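> The structure that follows is given in the form of structure tokens.
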Amino acid sequence: MTKTVTLIATAAMGLEAVVANEVRQLGYEDVTVENGKVIFEADHQAIARCNLWLRTADRVKLLIGEFEAKTYDELFEGIKALPWEQYIPEDGKFPVTGKSHKSTLYSVPDCQAIVKKAIVEKLKQKHGIANWLEESGAEYKIEAALLKDKVTVTLDTSGAGLHKRGYRVGQGDAPLKETLAAALVQLTNWRVDEPFYDLFCGSGTIPIEAALIGQNIAPGFNRSFAAEEWEFIHSAVWDKALEEAEDLANYDQPLAIYGSDLNPKMVEIARDNAMEAGLADLVQWKQMQATDFHSNEIGGYIVSNPPYGERIGDKKEVEEMYQKLGEVLRNYPTWSIYILTANENFEALVGQKASKKRKLFNAFIKTDYYQYFGKKIKK
């Protein structure tokens with residue numbers, strides 16, 4: 001079996017370029033960026049490394065094949081022609097999911113049933129099995145996605161989504177996804193020797209992700225992945241990737257990271273999550289109103305995802321808070337401030353136009369990432 005594979009790192013809308021940058025930083029140069037995904041050629045080692053290291057991708061998929069299909073017969077034959085026996089062993093469990101967009105074959109349940117049937121036929125034939133496949137072994141989750149009659153067939157190497165780092169023991173009503181929190185940090189110019197604050201820390205996701213980045217800790221270090229169980233990927237591949245992650249972590253890097261929130265319960269949850277992530281002493285937590293922020297530092301970074309005032313009755317209160325926050329932050333012209341919010345009047349409320357604005361989605365909410373670059377400090 002060929003050792004070079006095509007991998008697809010899926011990404012939330014607006015984060016494709018961030019994911020592509022991470023893929024390139026891991027040393028994979030042949031990168032194509034499309035809507036919601038980053039496609040690249042790599043070796044088996046990349047399956048382990050990308051799952052361990054990609055901070056902003058949703059999951060890593062292995063491309064099995066692509067072909068055109070406008071009839072169920074074409075779908076069946078196209079799926080059956082793929083080399084399934086190279087991936088799925090006799091006892092492999094292979095659930096099939098599907099989606100269809102702007103395609104002649106629009107019934108997803110029918111497509112899934114045909115894909116499953118075609119793979120069963122192929123595996124029975126190749127493994128020499130007359131009756132049924134047991135499916136009692138490791139899981140190989142297959143997706144057949146149809147877009148404009150083109151079928152893309154993938155295996156999900158990640159299992160649980162990559163945002164599940166394994167440290168979240170508690171959360172609030174609207175937790176920020178870990179992948180988005182990591183992107184918010186990466187979209188700044190923060191360096192590890194500068195103070196970093198989140199004034200609306202909630203369950204602590206942004207400061208925790210900043211600490212993982214600051215000490216170069218692989219975000220997937222404390223969890224497992226579907227592909228670890230797969231026979232065609234040697235266990236040495238995972239051992240090598242974990243060893244690399246351990247070697248590259250800089251646990252001695254001092255950091256000045258602070259998280260505060262008005263709700264004392266959330267501060268407790270944030271503290272517990274940081275402890276679970278092994279970062280207990282790295283982040284300093286405080287119960288505090290955002291507008292009480294004060295620092296003697298000459299420069300620093302504030303990265304926050306404040307309440308948006310989406311619920312009826314909350315909007316006026318939130319907008320008043322934004323105005324007060326603007327007054328406070330104007331006292332820190334050398335600080336860089338990054339705020340994610342769905343409130344379209346944010347700039348008017350804080351009384352300052354952002355240096356840069358970037359459209360991002362927080363879950364399904366359309367938001368803007370307002371970036372205020374601090375004035376350069378003369379040395």
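Within each chain, counting starts at residue 1; across the structure tokens, chains are named A, B, ... in the order shown, with ligands numbered 1 upward in that order.
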Identify, on the basis of only C-alpha atoms, every residue whose closest approach to A:Tyr106 does not exceed 10 Å; exclude the query and any residue fewer than 4 positions from it along the same chain; express the result as a PDB file with N, CA, C and O atoms, in the first residue's frame.

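Written file, part_22.pdb:
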```
ATOM      1  N   LYS A  70     -24.057  10.034 -11.240  1.00  0.00           N
ATOM      2  CA  LYS A  70     -25.391  10.622 -11.404  1.00  0.00           C
ATOM      3  C   LYS A  70     -26.487   9.578 -11.224  1.00  0.00           C
ATOM      4  O   LYS A  70     -27.661   9.908 -11.160  1.00  0.00           O
ATOM      5  N   LYS A  99     -23.618  13.081   2.809  1.00  0.00           N
ATOM      6  CA  LYS A  99     -24.290  14.365   2.592  1.00  0.00           C
ATOM      7  C   LYS A  99     -24.350  14.601   1.090  1.00  0.00           C
ATOM      8  O   LYS A  99     -23.524  14.081   0.338  1.00  0.00           O
ATOM      9  N   SER A 100     -25.352  15.369   0.677  1.00  0.00           N
ATOM     10  CA  SER A 100     -25.523  15.633  -0.752  1.00  0.00           C
ATOM     11  C   SER A 100     -25.940  17.086  -0.946  1.00  0.00           C
ATOM     12  O   SER A 100     -26.831  17.576  -0.260  1.00  0.00           O
ATOM     13  N   HIS A 101     -25.267  17.759  -1.873  1.00  0.00           N
ATOM     14  CA  HIS A 101     -25.566  19.164  -2.149  1.00  0.00           C
ATOM     15  C   HIS A 101     -25.493  19.398  -3.660  1.00  0.00           C
ATOM     16  O   HIS A 101     -24.488  19.067  -4.296  1.00  0.00           O
ATOM     17  N   LYS A 102     -26.574  19.926  -4.202  1.00  0.00           N
ATOM     18  CA  LYS A 102     -26.649  20.226  -5.642  1.00  0.00           C
ATOM     19  C   LYS A 102     -26.276  19.021  -6.504  1.00  0.00           C
ATOM     20  O   LYS A 102     -25.553  19.144  -7.498  1.00  0.00           O
ATOM     21  N   ASP A 110     -30.535   6.804   1.001  1.00  0.00           N
ATOM     22  CA  ASP A 110     -30.354   5.846  -0.108  1.00  0.00           C
ATOM     23  C   ASP A 110     -28.884   5.750  -0.510  1.00  0.00           C
ATOM     24  O   ASP A 110     -28.356   4.651  -0.738  1.00  0.00           O
ATOM     25  N   CYS A 111     -28.212   6.904  -0.583  1.00  0.00           N
ATOM     26  CA  CYS A 111     -26.790   6.916  -0.946  1.00  0.00           C
ATOM     27  C   CYS A 111     -25.965   6.153   0.094  1.00  0.00           C
ATOM     28  O   CYS A 111     -25.094   5.346  -0.250  1.00  0.00           O
ATOM     29  N   LEU A 146     -21.480  14.108  -1.580  1.00  0.00           N
ATOM     30  CA  LEU A 146     -21.776  14.426  -2.977  1.00  0.00           C
ATOM     31  C   LEU A 146     -21.939  15.927  -3.142  1.00  0.00           C
ATOM     32  O   LEU A 146     -22.725  16.551  -2.430  1.00  0.00           O
ATOM     33  N   LEU A 147     -21.174  16.492  -4.057  1.00  0.00           N
ATOM     34  CA  LEU A 147     -21.289  17.917  -4.374  1.00  0.00           C
ATOM     35  C   LEU A 147     -21.268  18.071  -5.895  1.00  0.00           C
ATOM     36  O   LEU A 147     -20.278  17.713  -6.552  1.00  0.00           O
ATOM     37  N   ASP A 149     -22.651  16.302  -8.151  1.00  0.00           N
ATOM     38  CA  ASP A 149     -22.467  14.963  -8.741  1.00  0.00           C
ATOM     39  C   ASP A 149     -21.058  14.393  -8.582  1.00  0.00           C
ATOM     40  O   ASP A 149     -20.752  13.327  -9.120  1.00  0.00           O
TER      41      ASP A 149
END
```
> Sort by chain and increasing residue number a table of all residues of stretch 258-330 of chain A within 10 Å of stretch 156-167 of chain A, each with its closest pair of atoms and their distance in Å to one decimal, counting only C-alpha atoms, and write it as a Markdown table.

```
| residue | atom | partner | partner_atom | distance |
| --- | --- | --- | --- | --- |
| A:Asp272 | CA | A:Tyr167 | CA | 8.8 |
| A:Asn273 | CA | A:Tyr167 | CA | 5.6 |
| A:Ala274 | CA | A:Tyr167 | CA | 7.3 |
| A:Met275 | CA | A:Tyr167 | CA | 8.1 |
| A:Glu276 | CA | A:Tyr167 | CA | 5.0 |
| A:Ala277 | CA | A:Tyr167 | CA | 4.9 |
| A:Gly278 | CA | A:Tyr167 | CA | 8.5 |
```
> For the residues selected in the previous step, produce a file with all heavy atoms as a compact mmCIF listing (two decimals), in the first residue's frame.

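See selection_0.txt below for the written result:
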```
# COMPACT_ATOMS: atom_id res chain seq x y z
N ASP A 272 -10.65 24.73 37.27
CA ASP A 272 -10.69 23.26 37.19
C ASP A 272 -10.24 22.77 35.82
O ASP A 272 -9.51 21.78 35.70
CB ASP A 272 -12.11 22.74 37.47
CG ASP A 272 -12.53 22.92 38.92
OD1 ASP A 272 -11.64 23.19 39.77
OD2 ASP A 272 -13.74 22.82 39.21
N ASN A 273 -10.70 23.45 34.76
CA ASN A 273 -10.31 23.06 33.39
C ASN A 273 -8.80 23.21 33.19
O ASN A 273 -8.15 22.36 32.57
CB ASN A 273 -11.06 23.91 32.36
CG ASN A 273 -12.52 23.52 32.24
OD1 ASN A 273 -12.93 22.43 32.65
ND2 ASN A 273 -13.34 24.40 31.68
N ALA A 274 -8.23 24.32 33.72
CA ALA A 274 -6.78 24.54 33.60
C ALA A 274 -6.00 23.45 34.33
O ALA A 274 -4.98 22.97 33.84
CB ALA A 274 -6.42 25.92 34.14
N MET A 275 -6.53 23.05 35.48
CA MET A 275 -5.87 21.99 36.25
C MET A 275 -5.89 20.68 35.46
O MET A 275 -4.90 19.97 35.38
CB MET A 275 -6.58 21.83 37.59
CG MET A 275 -5.78 21.03 38.60
SD MET A 275 -6.53 21.06 40.23
CE MET A 275 -6.16 22.72 40.75
N GLU A 276 -7.05 20.39 34.84
CA GLU A 276 -7.20 19.17 34.04
C GLU A 276 -6.25 19.18 32.85
O GLU A 276 -5.75 18.15 32.42
CB GLU A 276 -8.66 19.07 33.56
CG GLU A 276 -9.03 17.75 32.92
CD GLU A 276 -9.01 16.56 33.88
OE1 GLU A 276 -9.15 16.74 35.10
OE2 GLU A 276 -8.82 15.44 33.37
N ALA A 277 -5.98 20.39 32.32
CA ALA A 277 -5.06 20.53 31.17
C ALA A 277 -3.60 20.48 31.62
O ALA A 277 -2.70 20.54 30.78
CB ALA A 277 -5.34 21.84 30.45
N GLY A 278 -3.37 20.39 32.93
CA GLY A 278 -1.99 20.35 33.45
C GLY A 278 -1.35 21.72 33.48
O GLY A 278 -0.13 21.86 33.46
```
> Report as a PyMOL selection string all protein, DNA and RNA residues lying within 9 Å of stretch 174-181 of chain A, evaluated on only C-alpha atoms, omitting residues in the same chain fewer than 5 positions from it.
chain A and resi 12+15+54-58+162-165+186+202-203+205-210+305+360-363
> Hey, which of A:Glu143, A:Asn343, A:Phe293, A:Ala113 ends up closest to A:Glu319? Count only C-alpha atoms.
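Closest residue, counting only C-alpha atoms: A:Asn343.
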> Need the shell around A:Val151: protein/DNA/RNA residues with any atom at most 9 Å away, counting only C-alpha atoms. Skip same-chain ones fewer than 4 positions apart. Format as a list in words?
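That gives Gly65, Glu66, Phe67, Glu68, Ala69, Leu75, Gly78, Ser100, Ala144, Ala145, Leu146 and Leu147 of chain A.
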> Take the residues from that selection and write them out as a PDB file, in the first residue's frame, keeping all heavy atoms.

```
ATOM      1  N   GLY A  65     -11.035   8.231  -2.250  1.00  0.00           N
ATOM      2  CA  GLY A  65     -11.210   8.378  -3.691  1.00  0.00           C
ATOM      3  C   GLY A  65     -12.269   9.403  -4.049  1.00  0.00           C
ATOM      4  O   GLY A  65     -13.065   9.825  -3.205  1.00  0.00           O
ATOM      5  N   GLU A  66     -12.267   9.807  -5.321  1.00  0.00           N
ATOM      6  CA  GLU A  66     -13.256  10.758  -5.848  1.00  0.00           C
ATOM      7  C   GLU A  66     -13.686  10.300  -7.236  1.00  0.00           C
ATOM      8  O   GLU A  66     -12.857   9.821  -8.003  1.00  0.00           O
ATOM      9  CB  GLU A  66     -12.652  12.167  -5.936  1.00  0.00           C
ATOM     10  CG  GLU A  66     -12.395  12.818  -4.591  1.00  0.00           C
ATOM     11  CD  GLU A  66     -11.821  14.230  -4.721  1.00  0.00           C
ATOM     12  OE1 GLU A  66     -10.727  14.376  -5.286  1.00  0.00           O
ATOM     13  OE2 GLU A  66     -12.472  15.170  -4.253  1.00  0.00           O
ATOM     14  N   PHE A  67     -14.953  10.453  -7.539  1.00  0.00           N
ATOM     15  CA  PHE A  67     -15.459  10.090  -8.878  1.00  0.00           C
ATOM     16  C   PHE A  67     -16.814  10.767  -9.095  1.00  0.00           C
ATOM     17  O   PHE A  67     -17.426  11.280  -8.161  1.00  0.00           O
ATOM     18  CB  PHE A  67     -15.592   8.563  -9.019  1.00  0.00           C
ATOM     19  CG  PHE A  67     -16.465   7.913  -7.971  1.00  0.00           C
ATOM     20  CD1 PHE A  67     -17.833   7.758  -8.165  1.00  0.00           C
ATOM     21  CD2 PHE A  67     -15.914   7.469  -6.774  1.00  0.00           C
ATOM     22  CE1 PHE A  67     -18.637   7.176  -7.207  1.00  0.00           C
ATOM     23  CE2 PHE A  67     -16.715   6.877  -5.794  1.00  0.00           C
ATOM     24  CZ  PHE A  67     -18.082   6.730  -6.014  1.00  0.00           C
ATOM     25  N   GLU A  68     -17.288  10.742 -10.344  1.00  0.00           N
ATOM     26  CA  GLU A  68     -18.592  11.325 -10.699  1.00  0.00           C
ATOM     27  C   GLU A  68     -19.663  10.237 -10.600  1.00  0.00           C
ATOM     28  O   GLU A  68     -19.412   9.093 -10.975  1.00  0.00           O
ATOM     29  CB  GLU A  68     -18.565  11.839 -12.149  1.00  0.00           C
ATOM     30  CG  GLU A  68     -17.581  12.965 -12.394  1.00  0.00           C
ATOM     31  CD  GLU A  68     -18.193  14.345 -12.163  1.00  0.00           C
ATOM     32  OE1 GLU A  68     -19.384  14.519 -12.428  1.00  0.00           O
ATOM     33  OE2 GLU A  68     -17.452  15.231 -11.697  1.00  0.00           O
ATOM     34  N   ALA A  69     -20.848  10.613 -10.108  1.00  0.00           N
ATOM     35  CA  ALA A  69     -21.960   9.655 -10.079  1.00  0.00           C
ATOM     36  C   ALA A  69     -23.294  10.395 -10.178  1.00  0.00           C
ATOM     37  O   ALA A  69     -23.591  11.255  -9.351  1.00  0.00           O
ATOM     38  CB  ALA A  69     -21.915   8.832  -8.799  1.00  0.00           C
ATOM     39  N   LEU A  75     -22.794   5.137  -8.567  1.00  0.00           N
ATOM     40  CA  LEU A  75     -22.334   5.282  -7.179  1.00  0.00           C
ATOM     41  C   LEU A  75     -21.843   3.936  -6.652  1.00  0.00           C
ATOM     42  O   LEU A  75     -20.745   3.852  -6.074  1.00  0.00           O
ATOM     43  CB  LEU A  75     -23.479   5.811  -6.299  1.00  0.00           C
ATOM     44  CG  LEU A  75     -23.152   5.992  -4.804  1.00  0.00           C
ATOM     45  CD1 LEU A  75     -22.055   7.040  -4.590  1.00  0.00           C
ATOM     46  CD2 LEU A  75     -24.415   6.399  -4.016  1.00  0.00           C
ATOM     47  N   GLY A  78     -18.583   2.898  -8.489  1.00  0.00           N
ATOM     48  CA  GLY A  78     -17.479   3.788  -8.103  1.00  0.00           C
ATOM     49  C   GLY A  78     -16.940   3.456  -6.721  1.00  0.00           C
ATOM     50  O   GLY A  78     -15.721   3.427  -6.497  1.00  0.00           O
ATOM     51  N   SER A 100     -25.352  15.369   0.677  1.00  0.00           N
ATOM     52  CA  SER A 100     -25.523  15.633  -0.752  1.00  0.00           C
ATOM     53  C   SER A 100     -25.940  17.086  -0.946  1.00  0.00           C
ATOM     54  O   SER A 100     -26.831  17.576  -0.260  1.00  0.00           O
ATOM     55  CB  SER A 100     -26.592  14.702  -1.329  1.00  0.00           C
ATOM     56  OG  SER A 100     -26.783  14.988  -2.698  1.00  0.00           O
ATOM     57  N   ALA A 144     -19.364   9.661   2.592  1.00  0.00           N
ATOM     58  CA  ALA A 144     -19.493   9.853   1.144  1.00  0.00           C
ATOM     59  C   ALA A 144     -20.223  11.176   0.942  1.00  0.00           C
ATOM     60  O   ALA A 144     -21.409  11.297   1.253  1.00  0.00           O
ATOM     61  CB  ALA A 144     -20.274   8.703   0.527  1.00  0.00           C
ATOM     62  N   ALA A 145     -19.493  12.173   0.480  1.00  0.00           N
ATOM     63  CA  ALA A 145     -20.066  13.514   0.299  1.00  0.00           C
ATOM     64  C   ALA A 145     -20.256  13.798  -1.183  1.00  0.00           C
ATOM     65  O   ALA A 145     -19.292  13.726  -1.954  1.00  0.00           O
ATOM     66  CB  ALA A 145     -19.146  14.554   0.933  1.00  0.00           C
ATOM     67  N   LEU A 146     -21.480  14.108  -1.580  1.00  0.00           N
ATOM     68  CA  LEU A 146     -21.776  14.426  -2.977  1.00  0.00           C
ATOM     69  C   LEU A 146     -21.939  15.927  -3.142  1.00  0.00           C
ATOM     70  O   LEU A 146     -22.725  16.551  -2.430  1.00  0.00           O
ATOM     71  CB  LEU A 146     -23.065  13.736  -3.433  1.00  0.00           C
ATOM     72  CG  LEU A 146     -22.983  12.231  -3.732  1.00  0.00           C
ATOM     73  CD1 LEU A 146     -23.102  11.416  -2.452  1.00  0.00           C
ATOM     74  CD2 LEU A 146     -24.105  11.820  -4.690  1.00  0.00           C
ATOM     75  N   LEU A 147     -21.174  16.492  -4.057  1.00  0.00           N
ATOM     76  CA  LEU A 147     -21.289  17.917  -4.374  1.00  0.00           C
ATOM     77  C   LEU A 147     -21.268  18.071  -5.895  1.00  0.00           C
ATOM     78  O   LEU A 147     -20.278  17.713  -6.552  1.00  0.00           O
ATOM     79  CB  LEU A 147     -20.137  18.707  -3.740  1.00  0.00           C
ATOM     80  CG  LEU A 147     -20.068  20.198  -4.094  1.00  0.00           C
ATOM     81  CD1 LEU A 147     -21.297  20.951  -3.595  1.00  0.00           C
ATOM     82  CD2 LEU A 147     -18.805  20.844  -3.523  1.00  0.00           C
TER      83      LEU A 147
END
```
> Check the smallest atom-to-atom distance from each of A:Lys359, A:His44, A:His127, A:Lys316 to A:Ile88 using only C-alpha atoms, then report the winner.
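Of A:Lys359, A:His44, A:His127, A:Lys316, the one nearest A:Ile88, counting only C-alpha atoms, is A:His127.
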> As a ChimeraX atom specification, please: all residues of stretch 93-281 of chain A that backbone DSSP puts in strand (DSSP E or B).
/A:93,96-101,139,142-147,150-156,196-198,257-261
> I need the residue nearest A:Ser304 from this list: A:Pro109, A:Gly36, A:Gly259, A:Gly92. Use only C-alpha atoms for the distance.
A:Gly259
> Could you tell me how far atom CA of A:Ala280 sits from atom CA of A:Glu246, in Å to one decimal place?
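Computing it gives 18.6 Å between the two atoms.
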> Applying 10 Å and only C-alpha atoms, which residues near A:Gln287 remain after dropping the ones on its own chain fewer than 4 positions away? List them as a short mmCIF file (atom, residue, chain, number, x, y, z; two decimals) with N, CA, C and O atoms, in the first residue's frame.

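Heads up, here's the output in around09.cif:
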```cif
data_model
loop_
_atom_site.label_atom_id
_atom_site.label_comp_id
_atom_site.auth_asym_id
_atom_site.auth_seq_id
_atom_site.Cartn_x
_atom_site.Cartn_y
_atom_site.Cartn_z
N LEU A 199 -10.67 39.14 29.59
CA LEU A 199 -11.51 39.79 30.61
C LEU A 199 -12.91 39.18 30.72
O LEU A 199 -13.68 39.55 31.60
N PHE A 200 -13.23 38.24 29.82
CA PHE A 200 -14.53 37.54 29.86
C PHE A 200 -14.23 36.05 29.69
O PHE A 200 -14.64 35.44 28.72
N CYS A 201 -13.50 35.47 30.62
CA CYS A 201 -12.89 34.16 30.37
C CYS A 201 -13.87 32.99 30.35
O CYS A 201 -13.55 31.93 29.83
N GLY A 259 -6.95 35.26 33.38
CA GLY A 259 -8.35 35.13 32.98
C GLY A 259 -9.25 35.65 34.08
O GLY A 259 -9.07 35.29 35.24
N SER A 260 -10.21 36.49 33.71
CA SER A 260 -11.15 37.01 34.72
C SER A 260 -12.57 36.96 34.18
O SER A 260 -12.79 37.00 32.98
N ASP A 261 -13.51 36.86 35.10
CA ASP A 261 -14.92 36.83 34.73
C ASP A 261 -15.74 37.36 35.90
O ASP A 261 -15.33 37.23 37.06
N LEU A 262 -16.87 37.95 35.59
CA LEU A 262 -17.75 38.50 36.63
C LEU A 262 -18.37 37.39 37.47
O LEU A 262 -18.61 37.55 38.66
N ASN A 263 -18.61 36.23 36.82
CA ASN A 263 -19.30 35.11 37.48
C ASN A 263 -18.30 34.24 38.25
O ASN A 263 -17.46 33.58 37.64
N PRO A 264 -18.38 34.19 39.60
CA PRO A 264 -17.41 33.40 40.37
C PRO A 264 -17.45 31.91 40.05
O PRO A 264 -16.44 31.23 40.09
N LYS A 265 -18.68 31.42 39.67
CA LYS A 265 -18.81 29.99 39.32
C LYS A 265 -17.98 29.67 38.07
O LYS A 265 -17.32 28.63 37.98
N MET A 266 -18.00 30.59 37.08
CA MET A 266 -17.23 30.36 35.86
C MET A 266 -15.73 30.39 36.15
O MET A 266 -14.96 29.62 35.56
N VAL A 267 -15.30 31.25 37.07
CA VAL A 267 -13.87 31.32 37.42
C VAL A 267 -13.43 29.99 38.03
O VAL A 267 -12.35 29.49 37.73
N GLU A 268 -14.31 29.39 38.86
CA GLU A 268 -14.01 28.07 39.46
C GLU A 268 -13.89 27.00 38.38
O GLU A 268 -12.97 26.18 38.39
#
```
> Out of A:Ile233, A:Leu248, A:Val38, A:Ile365, which residue has the shortest atom-to-atom distance to A:Phe221 when counting only C-alpha atoms?
A:Leu248
> Between atom CA of A:Ala226 and atom CA of A:Gly172, what is the distance, to one decimal in Å?
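These two atoms are separated by 28.1 Å.
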> Which residue out of A:Met321, A:Leu282, A:Ile377, A:Val328 has the minimum interatomic distance to A:Ile298 when only C-alpha atoms are used?
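With only C-alpha atoms as the atom set, the closest residue is A:Ile377.
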> Restricting the calculation to only C-alpha atoms, which member of A:Asp193, A:Glu344, A:Glu229, A:Asp91 is positioned closest to A:Gln215?
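Using only C-alpha atoms, A:Gln215 sits closest to A:Asp193.
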> Run DSSP on the backbone of this structure and report the residues of stretch 202-319 of chain A it assigns to alpha helix (DSSP H), as a PyMOL selection string.
chain A and resi 205-214+235-248+264-276+315-319
> One decimal, in Å: what's the spacing between atom CA of A:Trp190 and atom CA of A:Tyr338?
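It comes out at 10.8 Å.
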> As a list in words, please: the residues near A:Tyr301 (cut-off 10 Å, only C-alpha atoms, same-chain neighbours under 6 positions excluded).
Val185, Thr188, Asn189, Trp190, Arg191, Glu194, Pro195, Phe196, Tyr197, Asp198, Ile257, Thr334, Trp335, Ser336, Ile337, Tyr338, Tyr372, Phe373 and Gly374 of chain A
> Write out as a ChimeraX atom specification each polymer residue whose atoms come within 9 Å of stretch 8-11 of chain A, counting only C-alpha atoms; drop sequence neighbours fewer than 6 positions from it.
/A:18-20,23,35-41,50,54,56-63,154
